[in-house]
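Following: one structure in structure tokens, then a few remarks.
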Amino acid sequence: MSHHPRKIRVALTGGGTAGHIYPLAAVGRALAENLTKHGLAPDIRFFGDPGPYAEEFATAGIRVSYIPASKWRRYFDIDNFFDIFNFIRGVIGSFWKLFFFMPHVCFSKGGPGALAVLSATRFYNIPIVLHESDAVPGLTNRITAKSARLIELAFPSAAGDLKVKTPMHVVGNPVRPEILGGTDPRAAKIEFGFDPEQPVVLVIGGSQGAERINAFILEHLTPLTEKFQILHQTGTKNFETHHNQFIFLTQGKDGPWKNRYRYVPYFKGNLKNAYEAADIVISRAGAGSLFELAALGKPAILVPLPESANNHQVQNAYQYEKAGAGIVLEEENFLPSLVLSTIEKILNNPEKRAAMAEAAQKFATPNSAEIIAEDILRNVLHINL
């Protein structure tokens, strides 16, 4: 008689942006490893719309059950009307697909993609574990906090806003393993065509890109590239516009940007090397980016997105600054003289740079995905590890 290991089914759900998908894949991977190690058979599936990140799940061995995403915008938008129907379709699809899968637990990152799935999860009384990666909780997590068995937080400050008696643990934010374990900064600079002796400023606007930061770089390309080498992720949807404007502005002209400015739509396989080449990073303040910067010990200038839901990027950024790991320049202060002087203040002061790098690493929780996986198995599924 053959003995089959006991199967443990886990549903993952959340968001739609890289900030949701990468941590979900990391936690899924950690759960699968942990279950296998203890002689159990993992069956882990993502319920939602993976958008352009489907291969993240494929690589992690996680199957995808497609559920349409719906988003509630806190301002008038005709899309809200259509998204009511998407939400209803999402709820019906979730009821149907979860009935046939019936997971032992559902782990949610929140975000607009998760609410329909969690509605069905609550109906079936499937235990829910939430993870809130921002300093201010998002709408989906606020709505579902009461039904959760356990809430995992990246920032301690989020606990006060949730106002529920559910157990909460501060566990940081999972970071993709493939960006960790740096190579050689000199080699990384050379790979991007830079002088290895000169400082590199990495400009990164999250997975979506940041139009206003892109525009700023083009407007002040000469003074910036006279002083620094600039490596710039424009965001896939902004790349063509940025490329055309760059050609228009520089055609027939000679300038320091020729060898000192590189721009790409998105660092697909080589984000690790981009971070490695960087002496300082200018970034938005989404939780995904912040915890990557922290894990890698990178001094940062943070330009929070002013329109982010619940103003969470501004809150995230100031908590990171308070920890001593970054300097916040809100968009109205994102002015050429201030940006140049802030970069120089950090680059020309080795002690300050070292202190910021150390503060960043203290802010990070390197094994966040493993902590969450163990929490789910021990405290929700009651599997003795």
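Lettering and numbering for the structure tokens are positional, with chains as A, B, ... in the shown order, residues counted from 1 in each chain, and ligands counted from 1 in the shown order.
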
For Phe155 (chain A), find every residue with an atom within 8 Å (counting only C-alpha atoms), except residues of its own chain fewer than 4 positions away, and show them as JSON, numbers by chain. {"A": [133, 134, 135, 170, 172]}

DSSP helix (DSSP H, G or I) residues within region 231-360 of chain A, as a ChimeraX atom specification: /A:236-250,257-260,271-277,287-296,309-322,331-333,336-347,350-360

Give me the residues within 9 Å of region 90-98 of chain A as a PyMOL selection string, counting only C-alpha atoms and dropping any in the same chain fewer than 5 places off. chain A and resi 11+47-48+65-70+85+103+113+115-121+123-124

Mind running region 150-251 of chain A against region 357-369 of chain A at 8 Å and telling me each contacting residue's nearest atom pair with the distance in Å (one decimal), counting only C-alpha atoms, chain and number ascending, as CSV?
residue,atom,partner,partner_atom,distance
A:Val171,CA,A:Ser368,CA,5.7
A:Gly172,CA,A:Thr365,CA,5.2
A:Asn173,CA,A:Ser368,CA,5.9
A:Pro174,CA,A:Ala369,CA,4.9
A:Val175,CA,A:Ser368,CA,7.6

Show me a table, sorted first by chain and then by increasing residue number, of the residues of region 196-281 of chain A having an atom at most 9 Å from region 324-345 of chain A, each with its shortest atom pair and the distance in Å to one decimal, counting only C-alpha atoms and written as JSON lines.
{"residue": "A:Val201", "atom": "CA", "partner": "A:Ile343", "partner_atom": "CA", "distance": 8.4}
{"residue": "A:Arg212", "atom": "CA", "partner": "A:Glu331", "partner_atom": "CA", "distance": 8.6}
{"residue": "A:Ile213", "atom": "CA", "partner": "A:Phe334", "partner_atom": "CA", "distance": 8.7}
{"residue": "A:Phe216", "atom": "CA", "partner": "A:Pro336", "partner_atom": "CA", "distance": 8.2}
{"residue": "A:His220", "atom": "CA", "partner": "A:Pro336", "partner_atom": "CA", "distance": 7.0}
{"residue": "A:Pro223", "atom": "CA", "partner": "A:Leu340", "partner_atom": "CA", "distance": 8.4}
{"residue": "A:Leu224", "atom": "CA", "partner": "A:Leu340", "partner_atom": "CA", "distance": 7.2}
{"residue": "A:Lys227", "atom": "CA", "partner": "A:Leu340", "partner_atom": "CA", "distance": 8.6}
{"residue": "A:Ile280", "atom": "CA", "partner": "A:Ile343", "partner_atom": "CA", "distance": 7.7}

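Shortest separation to Thr241 (chain A) among A:Ala26, A:Leu293, A:Leu218, A:Ala187 occurs at residue A:Leu218, atoms counted being only C-alpha atoms.
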
As an MDAnalysis selection string, please: all residues of region 18-51 of chain A that backbone DSSP puts in strand (DSSP E). chainID A and resid 41:48

Which neighbours of Ile383 (chain A) fall inside 12 Å, counting only C-alpha atoms, when residues of the same chain fewer than 4 positions from it are skipped, and could you give them as a list in words?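 Near neighbours after the sequence-gap exclusion: Arg6, Ile8, Leu31, Asn34, Leu35, His38, Gly39, Leu40, His104, Ala373, Glu374, Asp375, Ile376, Leu377, Arg378 and Asn379 of chain A.
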
Output file for the residues above (C-alpha atoms, as a CSV table (one decimal), in the first residue's frame):
chain,number,residue,atom,x,y,z
A,6,ARG,CA,-1.1,14.7,3.0
A,8,ILE,CA,-2.1,21.1,1.8
A,31,LEU,CA,5.3,27.7,1.9
A,34,ASN,CA,8.4,24.3,4.2
A,35,LEU,CA,5.6,21.9,3.5
A,38,HIS,CA,7.8,18.3,6.6
A,39,GLY,CA,6.6,15.5,4.3
A,40,LEU,CA,3.5,17.3,3.1
A,104,HIS,CA,-6.9,25.0,3.8
A,373,ALA,CA,5.2,31.0,5.8
A,374,GLU,CA,6.0,29.6,9.3
A,375,ASP,CA,3.4,31.8,10.8
A,376,ILE,CA,0.7,30.5,8.5
A,377,LEU,CA,1.7,26.9,9.0
A,378,ARG,CA,2.1,27.1,12.8
A,379,ASN,CA,-0.6,29.5,13.9

Which is closest to His312 (chain A) among A:Leu290, A:Val136, A:Ala54, A:Ile62, if we use only C-alpha atoms?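 Of all the options, A:Val136 lies closest to His312 (chain A).
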
Residues within 12 Å of Glu240 (chain A), only C-alpha atoms, excluding chain neighbours under 4 positions, as a list in words: Glu211, Asn214, Thr234, Gly235, Thr236, Asn244, Gln245, Phe246, Ile247, Tyr263, Val264 and Pro265 of chain A

Output for the residues just chosen: N, CA and C atoms as a PDB file, in the first residue's frame:
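File result.pdb, as written:
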ATOM      1  N   GLU A 211       5.968  59.251 -14.479  1.00  0.00           N
ATOM      2  CA  GLU A 211       6.074  60.240 -15.566  1.00  0.00           C
ATOM      3  C   GLU A 211       6.747  61.534 -15.130  1.00  0.00           C
ATOM      4  N   ASN A 214      10.413  61.062 -14.743  1.00  0.00           N
ATOM      5  CA  ASN A 214      10.994  60.943 -16.095  1.00  0.00           C
ATOM      6  C   ASN A 214      11.176  62.325 -16.734  1.00  0.00           C
ATOM      7  N   THR A 234      12.366  53.809 -16.931  1.00  0.00           N
ATOM      8  CA  THR A 234      11.286  54.752 -17.259  1.00  0.00           C
ATOM      9  C   THR A 234       9.889  54.171 -17.001  1.00  0.00           C
ATOM     10  N   GLY A 235       9.804  52.834 -16.903  1.00  0.00           N
ATOM     11  CA  GLY A 235       8.483  52.178 -16.880  1.00  0.00           C
ATOM     12  C   GLY A 235       8.120  51.811 -18.314  1.00  0.00           C
ATOM     13  N   THR A 236       7.574  50.617 -18.503  1.00  0.00           N
ATOM     14  CA  THR A 236       7.320  50.109 -19.858  1.00  0.00           C
ATOM     15  C   THR A 236       6.378  51.016 -20.632  1.00  0.00           C
ATOM     16  N   ASN A 244      11.413  59.025 -27.465  1.00  0.00           N
ATOM     17  CA  ASN A 244      11.207  60.041 -28.516  1.00  0.00           C
ATOM     18  C   ASN A 244      11.608  61.436 -28.035  1.00  0.00           C
ATOM     19  N   GLN A 245      11.265  61.756 -26.783  1.00  0.00           N
ATOM     20  CA  GLN A 245      11.623  63.084 -26.256  1.00  0.00           C
ATOM     21  C   GLN A 245      13.139  63.217 -26.116  1.00  0.00           C
ATOM     22  N   PHE A 246      13.773  62.130 -25.672  1.00  0.00           N
ATOM     23  CA  PHE A 246      15.231  62.149 -25.518  1.00  0.00           C
ATOM     24  C   PHE A 246      15.901  62.406 -26.874  1.00  0.00           C
ATOM     25  N   ILE A 247      15.446  61.701 -27.910  1.00  0.00           N
ATOM     26  CA  ILE A 247      16.010  61.873 -29.266  1.00  0.00           C
ATOM     27  C   ILE A 247      15.804  63.321 -29.723  1.00  0.00           C
ATOM     28  N   TYR A 263      18.956  54.592 -20.249  1.00  0.00           N
ATOM     29  CA  TYR A 263      17.565  54.409 -19.805  1.00  0.00           C
ATOM     30  C   TYR A 263      16.991  53.127 -20.396  1.00  0.00           C
ATOM     31  N   VAL A 264      16.166  52.457 -19.623  1.00  0.00           N
ATOM     32  CA  VAL A 264      15.548  51.187 -20.054  1.00  0.00           C
ATOM     33  C   VAL A 264      14.071  51.237 -19.674  1.00  0.00           C
ATOM     34  N   PRO A 265      13.213  50.429 -20.350  1.00  0.00           N
ATOM     35  CA  PRO A 265      11.801  50.407 -19.959  1.00  0.00           C
ATOM     36  C   PRO A 265      11.621  49.784 -18.577  1.00  0.00           C
TER      37      PRO A 265
END
